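Undergrad: What follows is protein26.txt, made up of compact mmCIF, C-alpha atoms:
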```txt
# COMPACT_ATOMS: atom_id res chain seq x y z
CA MET A 1 40.94 93.81 -19.64
CA ARG A 2 43.37 96.70 -19.82
CA ALA A 3 47.08 95.96 -19.87
CA HIS A 4 49.07 97.88 -17.30
CA LEU A 5 52.75 98.40 -16.81
CA LYS A 6 54.14 96.95 -13.60
CA ARG A 7 53.09 99.30 -10.84
CA ILE A 8 55.93 101.69 -9.97
CA SER A 9 56.11 102.75 -6.32
CA HIS A 10 58.40 104.93 -4.24
CA HIS A 11 60.22 101.73 -3.26
CA ASP A 12 61.49 100.99 -6.77
CA ASN A 13 60.88 104.05 -8.95
CA PHE A 14 64.55 105.04 -9.13
CA ILE A 15 65.45 101.67 -10.63
CA TYR A 16 63.38 102.64 -13.66
CA LEU A 17 64.69 106.19 -13.60
CA THR A 18 68.32 105.04 -13.49
CA PHE A 19 67.67 102.77 -16.44
CA ALA A 20 65.99 105.63 -18.34
CA LEU A 21 68.82 108.10 -17.75
CA VAL A 22 71.61 105.64 -18.57
CA LEU A 23 69.68 104.66 -21.70
CA LEU A 24 69.31 108.35 -22.60
CA LEU A 25 73.07 108.95 -22.35
CA LEU A 26 73.89 105.78 -24.28
CA SER A 27 71.22 106.42 -26.91
CA THR A 28 72.39 110.01 -27.35
CA ALA A 29 75.88 108.73 -28.16
CA ILE A 30 74.59 105.94 -30.43
CA ALA A 31 72.26 108.30 -32.29
CA GLN A 32 75.10 110.78 -32.82
CA GLN A 33 77.46 108.02 -34.00
CA PHE A 34 75.20 106.02 -36.31
CA PHE A 35 71.99 107.92 -37.13
CA GLU A 36 70.73 111.25 -38.38
CA PRO A 37 70.91 114.11 -35.83
CA SER A 38 67.12 114.38 -35.77
CA ALA A 39 67.00 110.96 -34.06
CA GLN A 40 67.87 112.86 -30.86
CA ARG A 41 64.25 114.04 -30.72
CA PHE A 42 62.99 110.48 -30.28
CA VAL A 43 65.64 109.78 -27.63
CA GLN A 44 64.62 112.89 -25.67
CA SER A 45 60.91 112.08 -25.95
CA THR A 46 61.40 108.54 -24.66
CA THR A 47 63.28 109.87 -21.65
CA VAL A 48 60.73 112.59 -20.90
CA ILE A 49 57.86 110.11 -20.82
CA THR A 50 59.86 107.66 -18.67
CA LEU A 51 60.71 110.47 -16.23
CA LEU A 52 57.03 111.39 -16.01
CA VAL A 53 56.10 107.84 -15.07
CA ALA A 54 59.01 107.17 -12.70
CA VAL A 55 59.07 110.48 -10.81
CA TRP A 56 55.71 112.17 -11.26
CA GLY A 57 53.38 109.15 -11.39
CA ILE A 58 54.37 107.09 -8.36
CA LYS A 59 51.74 108.60 -6.01
CA LYS A 60 48.88 108.53 -8.47
CA ASP A 61 46.93 105.28 -8.71
CA GLU A 62 45.35 106.17 -12.03
CA PHE A 63 48.30 107.88 -13.70
CA LEU A 64 47.42 107.79 -17.40
CA LEU A 65 50.96 107.36 -18.74
CA ALA A 66 51.50 104.25 -16.62
CA LYS A 67 49.11 102.32 -18.85
CA ALA A 68 50.98 100.10 -21.32
CA PHE A 69 49.03 101.15 -24.41
CA ILE A 70 49.48 104.88 -23.68
CA PHE A 71 53.24 104.75 -23.10
CA PRO A 72 54.44 104.37 -26.74
CA VAL A 73 51.70 106.71 -28.00
CA ALA A 74 52.90 109.40 -25.59
CA ILE A 75 56.49 108.99 -26.83
CA ILE A 76 55.43 109.38 -30.45
CA LEU A 77 53.22 112.40 -29.72
CA THR A 78 56.01 114.07 -27.73
CA SER A 79 58.43 113.47 -30.63
CA PHE A 80 56.03 115.07 -33.08
CA ALA A 81 55.45 118.00 -30.74
CA GLY A 82 59.20 118.61 -30.56
CA PHE A 83 59.48 118.30 -34.35
CA TYR A 84 56.82 120.91 -34.99
CA LEU A 85 58.26 123.29 -32.41
CA ASP A 86 61.60 123.10 -34.21
CA GLU A 87 60.03 123.39 -37.67
CA PHE A 88 58.18 126.57 -36.69
CA GLY A 89 61.37 128.17 -35.39
CA LEU A 90 60.54 127.62 -31.73
CA GLU A 91 63.76 125.83 -30.78
CA PHE A 92 64.31 128.12 -27.80
CA THR A 93 60.77 127.44 -26.58
CA HIS A 94 61.40 123.72 -26.98
CA LEU A 95 64.66 123.85 -25.02
CA ILE A 96 63.25 126.08 -22.28
CA LEU A 97 60.30 123.71 -21.82
CA MET A 98 62.73 120.80 -21.58
CA LEU A 99 64.85 122.76 -19.10
CA ILE A 100 61.84 123.55 -16.90
CA PHE A 101 60.80 119.91 -16.98
CA PHE A 102 64.27 118.61 -16.07
CA VAL A 103 64.67 121.15 -13.26
CA SER A 104 61.24 120.23 -11.87
CA THR A 105 62.06 116.52 -12.11
CA ALA A 106 65.39 117.09 -10.35
CA TYR A 107 63.54 118.96 -7.58
CA GLN A 108 61.02 116.14 -7.15
CA THR A 109 63.84 113.61 -7.12
CA ALA A 110 65.77 115.62 -4.51
CA ARG A 111 62.70 115.73 -2.27
CA GLN A 112 62.59 111.93 -2.28
CA VAL A 113 66.34 111.47 -1.79
CA ILE A 114 68.03 114.21 0.26
CA PHE A 115 67.36 114.17 4.03
CA SER A 116 64.20 112.12 3.57
CA GLY A 117 64.32 109.28 6.06
CA GLU A 118 66.18 106.01 6.11
CA ILE A 119 68.57 105.32 3.26
CA ASN A 120 67.89 102.26 1.12
CA GLY A 121 69.02 100.98 -2.26
CA ASN A 122 66.31 102.86 -4.12
CA LYS A 123 67.35 106.20 -2.59
CA ILE A 124 70.99 105.58 -3.43
CA LEU A 125 69.95 105.05 -7.04
CA GLY A 126 67.89 108.24 -6.73
CA ALA A 127 70.99 110.15 -5.67
CA ILE A 128 72.79 108.85 -8.77
CA CYS A 129 69.80 109.87 -10.90
CA LEU A 130 69.86 113.36 -9.43
CA TYR A 131 73.54 113.67 -10.29
CA MET A 132 72.80 112.68 -13.90
CA LEU A 133 69.88 115.11 -14.04
CA LEU A 134 72.22 117.92 -12.97
CA GLY A 135 74.49 117.06 -15.88
CA LEU A 136 71.57 117.14 -18.32
CA ILE A 137 70.28 120.45 -16.95
CA TRP A 138 73.62 122.12 -17.56
CA ALA A 139 73.86 120.50 -21.00
CA LEU A 140 70.59 122.26 -21.88
CA LEU A 141 71.94 125.57 -20.53
CA TYR A 142 75.07 125.20 -22.64
CA THR A 143 73.00 124.35 -25.72
CA LEU A 144 70.81 127.41 -25.19
CA SER A 145 73.92 129.59 -24.81
CA GLN A 146 75.47 128.22 -28.00
CA LEU A 147 72.30 128.78 -30.03
CA TYR A 148 71.77 132.29 -28.66
CA PHE A 149 75.33 133.65 -28.75
CA GLY A 150 76.69 131.67 -31.70
CA GLN A 151 80.28 130.99 -30.63
CA ALA A 152 79.80 130.63 -26.89
CA PHE A 153 82.25 127.71 -26.70
CA ASN A 154 85.60 126.97 -28.30
CA GLY A 155 85.81 123.62 -30.05
CA MET A 156 82.13 123.63 -31.03
CA PRO A 157 80.74 124.27 -34.52
CA GLU A 158 78.10 126.97 -34.84
CA ALA A 159 75.12 124.60 -34.91
CA THR A 160 71.77 125.79 -36.21
CA GLN A 161 69.73 122.99 -34.58
CA TRP A 162 69.80 122.15 -30.88
CA TYR A 163 69.88 118.39 -31.44
CA ILE A 164 73.18 118.71 -33.32
CA ALA A 165 74.91 120.55 -30.46
CA PHE A 166 73.20 118.81 -27.54
CA PRO A 167 75.13 115.46 -27.59
CA ASP A 168 78.48 117.30 -27.45
CA PHE A 169 77.26 119.44 -24.58
CA VAL A 170 76.07 116.35 -22.70
CA TYR A 171 79.66 115.09 -22.90
CA PHE A 172 81.09 118.48 -21.91
CA SER A 173 78.62 118.88 -19.05
CA PHE A 174 79.56 115.61 -17.38
CA VAL A 175 83.25 116.27 -17.91
CA THR A 176 82.75 119.60 -16.12
CA LEU A 177 80.49 118.17 -13.40
CA THR A 178 83.14 115.60 -12.49
CA THR A 179 85.90 118.26 -12.81
CA LEU A 180 87.83 116.20 -15.38
CA GLY A 181 88.38 119.18 -17.70
CA PHE A 182 89.85 117.61 -20.85
CA GLY A 183 89.98 120.99 -22.60
CA ASP A 184 88.68 119.94 -26.03
CA ILE A 185 85.65 122.20 -25.43
CA SER A 186 85.98 125.40 -23.41
CA PRO A 187 83.81 128.44 -22.66
CA ASN A 188 84.41 131.49 -24.82
CA LEU A 189 82.24 134.13 -23.12
CA PRO A 190 81.98 135.49 -19.56
CA ILE A 191 78.46 134.11 -19.11
CA THR A 192 79.43 130.62 -20.28
CA ARG A 193 82.57 130.69 -18.12
CA PHE A 194 80.32 131.44 -15.16
CA LEU A 195 78.04 128.50 -16.05
CA VAL A 196 81.04 126.18 -16.31
CA TYR A 197 82.74 127.02 -13.03
CA PHE A 198 79.41 127.24 -11.22
CA GLN A 199 78.58 123.71 -12.40
CA ALA A 200 81.93 122.44 -11.13
CA VAL A 201 81.33 124.07 -7.73
CA PHE A 202 77.73 122.85 -7.60
CA GLY A 203 78.79 119.30 -8.44
CA GLN A 204 81.28 119.19 -5.58
CA PHE A 205 78.77 120.80 -3.21
CA TYR A 206 76.17 118.20 -4.17
CA LEU A 207 78.55 115.36 -3.31
CA ALA A 208 79.24 116.96 0.08
CA VAL A 209 75.51 117.34 0.80
CA LEU A 210 74.87 113.77 -0.33
CA VAL A 211 77.55 112.36 1.96
CA ALA A 212 76.16 114.44 4.86
CA SER A 213 72.68 113.12 4.13
CA LEU A 214 73.87 109.51 4.07
CA VAL A 215 75.81 109.93 7.30
CA SER A 216 72.98 111.69 9.16
CA SER A 217 70.41 109.14 8.00
CA ARG A 218 72.71 106.33 9.07
CA LYS A 219 73.21 107.82 12.52
CA SER A 220 69.59 108.75 13.24
CA PRO A 221 68.28 105.25 14.10
CA HIS A 222 71.18 104.65 16.51
CA GLN A 223 70.64 108.01 18.18
CA ASN A 224 66.92 107.36 18.54
CA GLY A 225 67.67 103.95 20.03
CA ASN A 226 70.05 105.45 22.58
CA ASN A 227 67.50 108.13 23.56
CA SER A 228 64.74 105.56 24.07
CA THR A 229 66.86 103.44 26.39
CA SER A 230 68.13 106.33 28.51
```
Show me this structure written as structure tokens.
TA:
Amino acid sequence: MRAHLKRISHHDNFIYLTFALVLLLLSTAIAQQFFEPSAQRFVQSTTVITLLVAVWGIKKDEFLLAKAFIFPVAIILTSFAGFYLDEFGLEFTHLILMLIFFVSTAYQTARQVIFSGEINGNKILGAICLYMLLGLIWALLYTLSQLYFGQAFNGMPEATQWYIAFPDFVYFSFVTLTTLGFGDISPNLPITRFLVYFQAVFGQFYLAVLVASLVSSRKSPHQNGNNSTS
């Protein structure tokens, strides 16, 4: 009899996704602190596969990656794929593929969270996940800018591998998204300055939209009840 992972549905998928994203951020810091930089590949691969299961597989009864014996194999294969892309000088291809995947996942998450019916605990977690995905998307954009332009940011070494620069840009991205602005890393080019202030604006706009969504969803049942009794 085949072993399956616990079935993930749209009622609890963001619990798994929240765990995956928090684990990604923590593992990124731990890998940078205690392990070789190349360990970031394994961290990224684990997160990619978890995102696939939690966001893309919830409406598919026979989603292959949801099977317990496939899950670790998929992580290992994804790690090797990233390794060979980097070894063959395809770092930009690797990062662009990751960027497309994270943007698509953020879009799918937003469809399930923003203005999508009654708010529950799972959707609140989904909104938190979407916020973290925005931080990771901009971290990838910053990493691509640093690799392409060389010295796109002050306070950053000129890294030759993406996985060396990426952990620092994860930190910088969330500092910018929350408008903390410590100043230890700062944009050095017009294009990167645009990315930085646009992220800060987008982050504040997202919070405003999220609050509006929560308020409107909260009011809708009461309004419907009033209309039915009138």
Undergrad: Residues within 12 Å of (81.1, 125.1, -12.1), file coordinates, counting all atoms listed in the file: what are they? Give the list as a ChimeraX atom specification.
TA: /A:134-135,138,172-181,187,191-206
Undergrad: With distances taken over all atoms listed in the file, which of A:Tyr131, A:Phe14, A:Phe42, A:Tyr163 is nearest to Gln146 (chain A)?
TA: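 For Gln146 (chain A), the nearest of the given residues is A:Tyr163.
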Undergrad: Using CA of Leu133 (chain A) and CA of Ala106 (chain A) as the two end points, give the distance in Å to one decimal.
TA: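 Distance between the two atoms: 6.1 Å.
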Undergrad: Work out how far CA of Leu25 (chain A) is from CA of Val113 (chain A), in Å to one decimal.
TA: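 Taking CA of Val113 (chain A) and CA of Leu25 (chain A), their separation equals 21.8 Å.
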Undergrad: Using only C-alpha atoms, which of the listed residues (A:Trp162, A:Val209, A:Phe153, A:Phe102) sits closest to Leu189 (chain A)?
TA: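 For Leu189 (chain A), the nearest of the candidates is A:Phe153.
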Undergrad: In Å, with one decimal, what is the gap from CA of Leu51 (chain A) to CA of Thr28 (chain A)?
TA: 16.1 Å
Undergrad: Point out the residue among A:Tyr171, A:Ala31, A:Ala139, A:Ile114 with the least atom-to-atom distance to Leu207 (chain A), counting all atoms listed in the file.
TA: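 Closest candidate: A:Ile114.
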Undergrad: Which of these, A:Ile100, A:Leu144, A:Leu24, A:Ile164, has the shortest distance to Met132 (chain A) once you count all atoms listed in the file?
TA: A:Leu24
Undergrad: Measuring between only C-alpha atoms, which one of A:Leu140, A:Leu23, A:Ala208, A:Ala29 shows the shortest distance to His94 (chain A)?
TA: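 Among the listed residues, the smallest separation from His94 (chain A) belongs to A:Leu140.
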Undergrad: Tell me which of A:Ala212, A:Val43, A:Val103, A:Gly150 sits closest to Leu26 (chain A), counting all atoms listed in the file.
TA: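 Closest to Leu26 (chain A) of all the choices is A:Val43.
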